[in-house]
There are 2 protein chains.
Amino acid sequence: MPKLGMEPIRRAALIDATIAEIGESGSLDVTVSRIARRAGMSSGLAHHYFGGKDQMLLAAMRHTLKEYAREVRAGLVSVKNPRERLEAIVSAGFAPSNFQPHTVSAWLNFYVMALSSKQARRLHCIYSRRLQSNLRFALRPLAGARSDDIALRIAALIDGVYLHQGLRAGATDGDAAVALVMSQVDQDLSCFSG
Amino acid sequence: MPKLGMEPIRRAALIDATIAEIGESGSLDVTVSRIARRAGMSSGLAHHYFGGKDQMLLAAMRHTLKEYAREVRAGLVSVKNPRERLEAIVSAGFAPSNFQPHTVSAWLNFYVMALSSKQARRLHCIYSRRLQSNLRFALRPLAGARSDDIALRIAALIDGVYLHQGLRAGATDGDAAVALVMSQVDQDLSCFSG
DNA sequence: GTTTATTGATTGACCAGTCAATTAAAAACC
DNA sequence: GGTTTTTAATTGACTGGTCAATCAATAAAC
C-alpha cells in the first residue's frame, strides 16, 4: 500500500483531526488513538509522523494561527483606507474558518495551554504581538498618539468577545462579534478626533 | 487522632490546595494525590470528603466564584454614586484576592472547563450573567437605553483584559487593568451623554 | 459500641510511546 | 528487462507508567 509522499497528507489529516477532537471534547484530554482513528490511520503512524502527542498539539495550534494569519492577509489585500484596514483585522478573527464552534473551542484550549507549555506560550506571544502591531499600524493615521492605548483595548476586547462567544451555548455569531468590536472602534475614533 | 468537626477544615484546605496546584501547573491535569499532599492529608481522605476528582475541581471553581462575589459585595457597600458603583464592580475582578497569578491561572482553566463540563458551564453562566446584570444596573442611571450594549462590551473587555494579564509573562497588574477598563467606561459615558 | 477521621496499599483502567513485522514502491544493478 | 536492495508507509500488539477510586484496617472521640 505504501504510496510515496504520504507524509504531508497524513500530517494535515492528523492536524485537522486533532482540532476536531479537541473541539468536540472541549479539552486537551484527547487520546492519540482517537485522533489517529478520526484521521483514518493507526496510532503508531501518528507517532511516526509527529514523534509524540505534544508535537501534535503544538502543530495543531500552529495551524490555527497560520490559518488566522492567512485570513488576515486575505482581508487586507483589498483595503482602501485605514478604517477598512481595521475592519479587515477584526473580521479575520471572526471569519467562518476561525469561528466554527469546534475551532473556537480548540483555540481557547490552546490559549490555556500557553499557561503550561513553554512552546505554546511562545506561539501565543507571536499571535498576540502581531494582532497588537496590526491594530497599531492601522490606527496610526486615524488616532495618532492614542493608537497604542486604543490598540491595547481593542485587542483585549477582541479576545474577550471571542471568549464569550466560545462559552455561550448555541452557535457562534461572527457578524454580531464584528459589529460589537467595530462599534467600539468607531466610538474610539470619533470620540476625541472626530 | 480523629478530632471531630474536621470536615469543613479539610474541605477548605483541599479547595485551596486544588487552586494552588492548578495555578502552579497551569492546567487541570493535577493529581488528587498531589492536591491531598499539599493540603496535608492522604489521597483517600480527599476522596472521602469530595467523592471524586471532578467534585473537587467544581468545588474549587465554586469557591473562586464565591470569593469573587464576596469581593464585589464588599466593594459595593460604600459606593455613593453610579460611577463609583461601576468602579467597584470592575475593581472586584482585579482585586488582589482574585488576581494573584496562580488564581488567574486557575480561573482561566475553570473557564475552559466550561467547554467540557455541564456543571462548570452552569457555574460560568451564573458568573457571566451576574457580571452583566451588575454592569447594566450600574449603567442605567448614566447611560439609559444604551446600558445593555455598553454592559456587553465592558463585560467582554473585562474578560479580555483578565485573559491578557493571565497569559503575559511576569506579574499581574491589577491597577493597570482597572485603569484600562475604567478609561473605556468613562469614554463610553462621556461620548454620547456627556 | 457507634460514629468520624484517617491511612496507604491495592486494583483496574487507560494511554503514550515502542517495536517488530509487513507491504509495496522506487532505485540500483546487471 | 529482470533481479535485488533499499526505503517509505503502515499496522497493532505490547510495555511501562500513571492515576482515580476502593477498601479494609486503625484510632480516637462520643
# chains A, B, ... in the order shown; residues from 1 in each chain; ligands from 1
$ residues_around --residues "DA21 of chain C" --least-positions-apart "6" --cutoff "12 Å" --atoms "only C-alpha atoms (C1' of nucleotides)" --output "mmCIF file with N, CA and C atoms (P, O5', C5', C4', C3', O3' and C1' of nucleotides), in the first residue's frame"
data_model
loop_
_atom_site.group_PDB
_atom_site.id
_atom_site.type_symbol
_atom_site.label_atom_id
_atom_site.label_comp_id
_atom_site.auth_asym_id
_atom_site.auth_seq_id
_atom_site.Cartn_x
_atom_site.Cartn_y
_atom_site.Cartn_z
ATOM 1 P P DT D 10 0.644 5.456 4.616
ATOM 2 O "O5'" DT D 10 0.530 4.282 5.655
ATOM 3 C "C5'" DT D 10 0.274 2.963 5.166
ATOM 4 C "C4'" DT D 10 0.383 1.963 6.276
ATOM 5 C "C3'" DT D 10 -0.280 2.356 7.594
ATOM 6 O "O3'" DT D 10 -1.588 1.828 7.624
ATOM 7 C "C1'" DT D 10 1.732 1.068 7.858
ATOM 8 P P DT D 11 -2.522 2.173 8.886
ATOM 9 O "O5'" DT D 11 -2.351 0.838 9.738
ATOM 10 C "C5'" DT D 11 -2.397 -0.410 9.066
ATOM 11 C "C4'" DT D 11 -1.850 -1.475 9.962
ATOM 12 C "C3'" DT D 11 -2.491 -1.520 11.348
ATOM 13 O "O3'" DT D 11 -3.308 -2.671 11.428
ATOM 14 C "C1'" DT D 11 -0.097 -1.787 11.449
ATOM 15 P P DG D 12 -4.645 -2.601 12.292
ATOM 16 O "O5'" DG D 12 -4.179 -3.379 13.604
ATOM 17 C "C5'" DG D 12 -3.472 -4.599 13.460
ATOM 18 C "C4'" DG D 12 -2.685 -4.868 14.723
ATOM 19 C "C3'" DG D 12 -3.421 -4.569 16.029
ATOM 20 O "O3'" DG D 12 -2.974 -5.502 16.998
ATOM 21 C "C1'" DG D 12 -1.445 -3.398 16.015
ATOM 22 P P DA D 13 -4.025 -6.212 17.922
ATOM 23 O "O5'" DA D 13 -3.041 -7.210 18.692
ATOM 24 C "C5'" DA D 13 -1.964 -7.824 17.985
ATOM 25 C "C4'" DA D 13 -0.664 -7.680 18.775
ATOM 26 C "C3'" DA D 13 -0.816 -7.844 20.290
ATOM 27 O "O3'" DA D 13 0.246 -8.637 20.775
ATOM 28 C "C1'" DA D 13 0.220 -5.778 19.818
#
$ interface_residues --of "chain D" --to "chain B" --cutoff "7 Å" --atoms "only C-alpha atoms (C1' of nucleotides)" --output "list in words"
DA27, DA28 and DA29 of chain D
$ interface_residues --of "chain C" --to "chain A" --cutoff "9 Å" --atoms "only C-alpha atoms (C1' of nucleotides)" --output "ChimeraX atom specification"
/C:15-18,23-25
$ residues_around --residues "Lys118 of chain B" --least-positions-apart "5" --cutoff "12 Å" --atoms "only C-alpha atoms (C1' of nucleotides)" --output "JSON, numbers by chain"
{"A": [25, 26, 167, 169], "B": [54, 58, 112, 113, 123, 124, 125]}
$ interface_residues --of "chain B" --to "chain A" --cutoff "7 Å" --atoms "only C-alpha atoms" --output "PDB file with C-alpha atoms, in the first residue's frame"
ATOM      1  CA  SER B  25       0.827  23.668  36.941  1.00  0.00           C
ATOM      2  CA  GLY B  26      -1.295  25.847  34.679  1.00  0.00           C
ATOM      3  CA  SER B  27      -3.640  23.021  33.789  1.00  0.00           C
ATOM      4  CA  LEU B 108      -8.721  30.586  33.154  1.00  0.00           C
ATOM      5  CA  ASN B 109      -8.640  26.833  33.461  1.00  0.00           C
ATOM      6  CA  VAL B 112     -12.170  26.371  29.636  1.00  0.00           C
ATOM      7  CA  LEU B 115     -16.418  23.712  27.460  1.00  0.00           C
ATOM      8  CA  SER B 116     -16.350  20.120  28.615  1.00  0.00           C
ATOM      9  CA  ALA B 156     -16.172  41.296  27.232  1.00  0.00           C
ATOM     10  CA  LEU B 157     -13.415  43.809  27.833  1.00  0.00           C
ATOM     11  CA  ASP B 159     -12.659  39.091  30.467  1.00  0.00           C
ATOM     12  CA  GLY B 160     -10.286  40.005  27.675  1.00  0.00           C
ATOM     13  CA  VAL B 161      -8.076  42.047  29.959  1.00  0.00           C
ATOM     14  CA  HIS B 164      -4.260  39.081  28.624  1.00  0.00           C
ATOM     15  CA  LEU B 167      -1.143  34.988  29.770  1.00  0.00           C
ATOM     16  CA  CYS B 191     -19.156  60.162  24.418  1.00  0.00           C
TER      17      CYS B 191
END
$ select_by_dssp --residues "chain A" --states "helix (DSSP H, G or I)" --output "PyMOL selection string"
chain A and resi 7-25+32-38+43-50+53-76+82-93+96-99+101-113+118-167+174-193
$ write_last_selection --atoms "C-alpha atoms" --output "compact mmCIF listing (two decimals), in the first residue's frame"
# COMPACT_ATOMS: atom_id res chain seq x y z
CA GLU A 7 3.70 12.49 4.86
CA PRO A 8 2.19 15.89 4.13
CA ILE A 9 -1.24 14.37 3.58
CA ARG A 10 -1.08 12.40 6.81
CA ARG A 11 0.19 15.35 8.78
CA ALA A 12 -2.59 17.57 7.50
CA ALA A 13 -5.20 14.94 8.26
CA LEU A 14 -3.84 14.49 11.77
CA ILE A 15 -3.83 18.22 12.43
CA ASP A 16 -7.42 18.55 11.27
CA ALA A 17 -8.43 15.56 13.35
CA THR A 18 -6.64 16.99 16.39
CA ILE A 19 -8.53 20.25 16.16
CA ALA A 20 -11.80 18.44 15.58
CA GLU A 21 -11.21 16.14 18.50
CA ILE A 22 -10.26 18.95 20.87
CA GLY A 23 -13.17 20.99 19.64
CA GLU A 24 -15.58 18.16 20.15
CA SER A 25 -14.38 17.15 23.60
CA VAL A 32 -3.63 9.90 20.19
CA SER A 33 -5.60 6.80 19.25
CA ARG A 34 -8.82 8.71 18.81
CA ILE A 35 -7.16 11.40 16.77
CA ALA A 36 -5.46 8.84 14.59
CA ARG A 37 -8.66 6.88 14.08
CA ARG A 38 -10.53 10.04 13.13
CA SER A 43 -1.92 5.38 16.37
CA GLY A 44 1.55 4.16 15.51
CA LEU A 45 1.54 6.22 12.35
CA ALA A 46 0.60 9.35 14.23
CA HIS A 47 3.58 8.85 16.49
CA HIS A 48 5.74 8.09 13.49
CA TYR A 49 4.99 11.42 11.85
CA PHE A 50 4.82 13.67 14.89
CA LYS A 53 1.34 13.92 21.46
CA ASP A 54 2.79 17.29 22.46
CA GLN A 55 4.16 17.82 18.99
CA MET A 56 0.75 17.09 17.56
CA LEU A 57 -0.96 19.59 19.82
CA LEU A 58 1.60 22.25 19.01
CA ALA A 59 1.32 21.55 15.31
CA ALA A 60 -2.43 21.95 15.57
CA MET A 61 -2.01 25.23 17.40
CA ARG A 62 0.49 26.43 14.85
CA HIS A 63 -2.00 25.52 12.15
CA THR A 64 -4.83 27.54 13.65
CA LEU A 65 -2.54 30.53 14.00
CA LYS A 66 -1.36 30.16 10.43
CA GLU A 67 -4.95 29.91 9.27
CA TYR A 68 -5.75 33.07 11.16
CA ALA A 69 -2.76 34.90 9.68
CA ARG A 70 -3.82 33.79 6.24
CA GLU A 71 -7.28 35.16 6.85
CA VAL A 72 -5.84 38.49 7.95
CA ARG A 73 -3.68 38.76 4.86
CA ALA A 74 -6.58 37.84 2.62
CA GLY A 75 -8.71 40.52 4.20
CA LEU A 76 -6.04 43.17 3.86
CA PRO A 82 -7.37 52.82 7.39
CA ARG A 83 -10.89 52.20 8.60
CA GLU A 84 -11.28 49.29 6.17
CA ARG A 85 -7.92 48.05 7.34
CA LEU A 86 -9.19 47.92 10.89
CA GLU A 87 -12.33 46.13 9.87
CA ALA A 88 -10.32 43.55 7.97
CA ILE A 89 -8.18 42.82 11.02
CA VAL A 90 -11.17 42.49 13.29
CA SER A 91 -13.17 40.42 10.83
CA ALA A 92 -10.40 37.93 10.27
CA GLY A 93 -10.67 36.53 13.77
CA PRO A 96 -16.01 31.35 9.36
CA SER A 97 -12.74 29.45 9.06
CA ASN A 98 -11.68 30.60 12.54
CA PHE A 99 -15.06 30.75 14.13
CA PRO A 101 -17.69 26.27 17.33
CA HIS A 102 -15.17 23.48 17.37
CA THR A 103 -12.41 25.77 16.13
CA VAL A 104 -13.21 28.26 18.85
CA SER A 105 -13.17 25.50 21.41
CA ALA A 106 -9.75 24.34 20.23
CA TRP A 107 -8.47 27.90 20.15
CA LEU A 108 -9.49 28.53 23.74
CA ASN A 109 -7.81 25.33 24.80
CA PHE A 110 -4.65 26.43 23.02
CA TYR A 111 -4.84 29.72 24.86
CA VAL A 112 -4.83 27.97 28.18
CA MET A 113 -2.14 25.57 27.04
CA LYS A 118 6.73 26.99 27.01
CA GLN A 119 6.28 26.48 23.30
CA ALA A 120 2.57 27.19 23.36
CA ARG A 121 3.35 30.39 25.22
CA ARG A 122 5.80 31.38 22.50
CA LEU A 123 3.20 30.80 19.82
CA HIS A 124 0.60 32.76 21.73
CA CYS A 125 3.03 35.65 22.16
CA ILE A 126 3.61 35.79 18.44
CA TYR A 127 -0.12 35.93 17.76
CA SER A 128 -0.69 38.49 20.46
CA ARG A 129 2.09 40.78 19.32
CA ARG A 130 1.07 40.56 15.71
CA LEU A 131 -2.52 41.47 16.46
CA GLN A 132 -1.34 44.39 18.57
CA SER A 133 1.01 45.59 15.90
CA ASN A 134 -1.56 45.24 13.13
CA LEU A 135 -4.03 47.28 15.11
CA ARG A 136 -1.49 49.97 15.96
CA PHE A 137 -0.42 50.33 12.36
CA ALA A 138 -4.00 50.63 11.16
CA LEU A 139 -4.89 53.10 13.89
CA ARG A 140 -1.91 55.38 13.49
CA PRO A 141 -3.33 57.53 10.70
CA LEU A 142 -6.66 57.80 12.50
CA ALA A 143 -5.74 58.13 16.14
CA GLY A 144 -2.13 59.30 16.21
CA ALA A 145 -0.56 59.12 19.63
CA ARG A 146 -3.57 57.41 21.14
CA SER A 147 -3.12 54.45 18.82
CA ASP A 148 -1.21 52.38 21.35
CA ASP A 149 -3.85 52.70 24.04
CA ILE A 150 -6.70 52.02 21.68
CA ALA A 151 -4.93 49.04 20.17
CA LEU A 152 -4.47 47.56 23.61
CA ARG A 153 -8.12 47.92 24.45
CA ILE A 154 -9.36 46.64 21.13
CA ALA A 155 -7.07 43.63 21.30
CA ALA A 156 -8.43 42.79 24.75
CA LEU A 157 -11.97 43.34 23.55
CA ILE A 158 -11.45 41.00 20.61
CA ASP A 159 -10.20 38.24 22.84
CA GLY A 160 -12.98 38.87 25.33
CA VAL A 161 -15.67 38.68 22.68
CA TYR A 162 -14.08 35.55 21.28
CA LEU A 163 -14.17 34.01 24.74
CA HIS A 164 -17.79 34.99 25.31
CA GLN A 165 -18.91 33.59 22.01
CA GLY A 166 -16.99 30.40 22.60
CA LEU A 167 -18.52 29.81 26.00
CA GLY A 174 -19.38 36.18 13.71
CA ASP A 175 -21.28 39.14 12.32
CA ALA A 176 -22.50 40.17 15.74
CA ALA A 177 -18.99 39.86 17.12
CA VAL A 178 -17.52 42.02 14.39
CA ALA A 179 -20.28 44.57 14.80
CA LEU A 180 -19.68 44.75 18.53
CA VAL A 181 -15.95 45.33 18.18
CA MET A 182 -16.29 47.75 15.28
CA SER A 183 -18.83 49.85 17.10
CA GLN A 184 -16.23 50.22 19.80
CA VAL A 185 -13.57 51.11 17.27
CA ASP A 186 -15.75 53.75 15.69
CA GLN A 187 -16.52 55.25 19.04
CA ASP A 188 -12.84 55.29 19.96
CA LEU A 189 -12.11 57.15 16.76
CA SER A 190 -14.99 59.59 16.78
CA CYS A 191 -14.77 60.48 20.40
CA PHE A 192 -11.61 62.51 20.51
CA SER A 193 -10.59 63.10 16.95
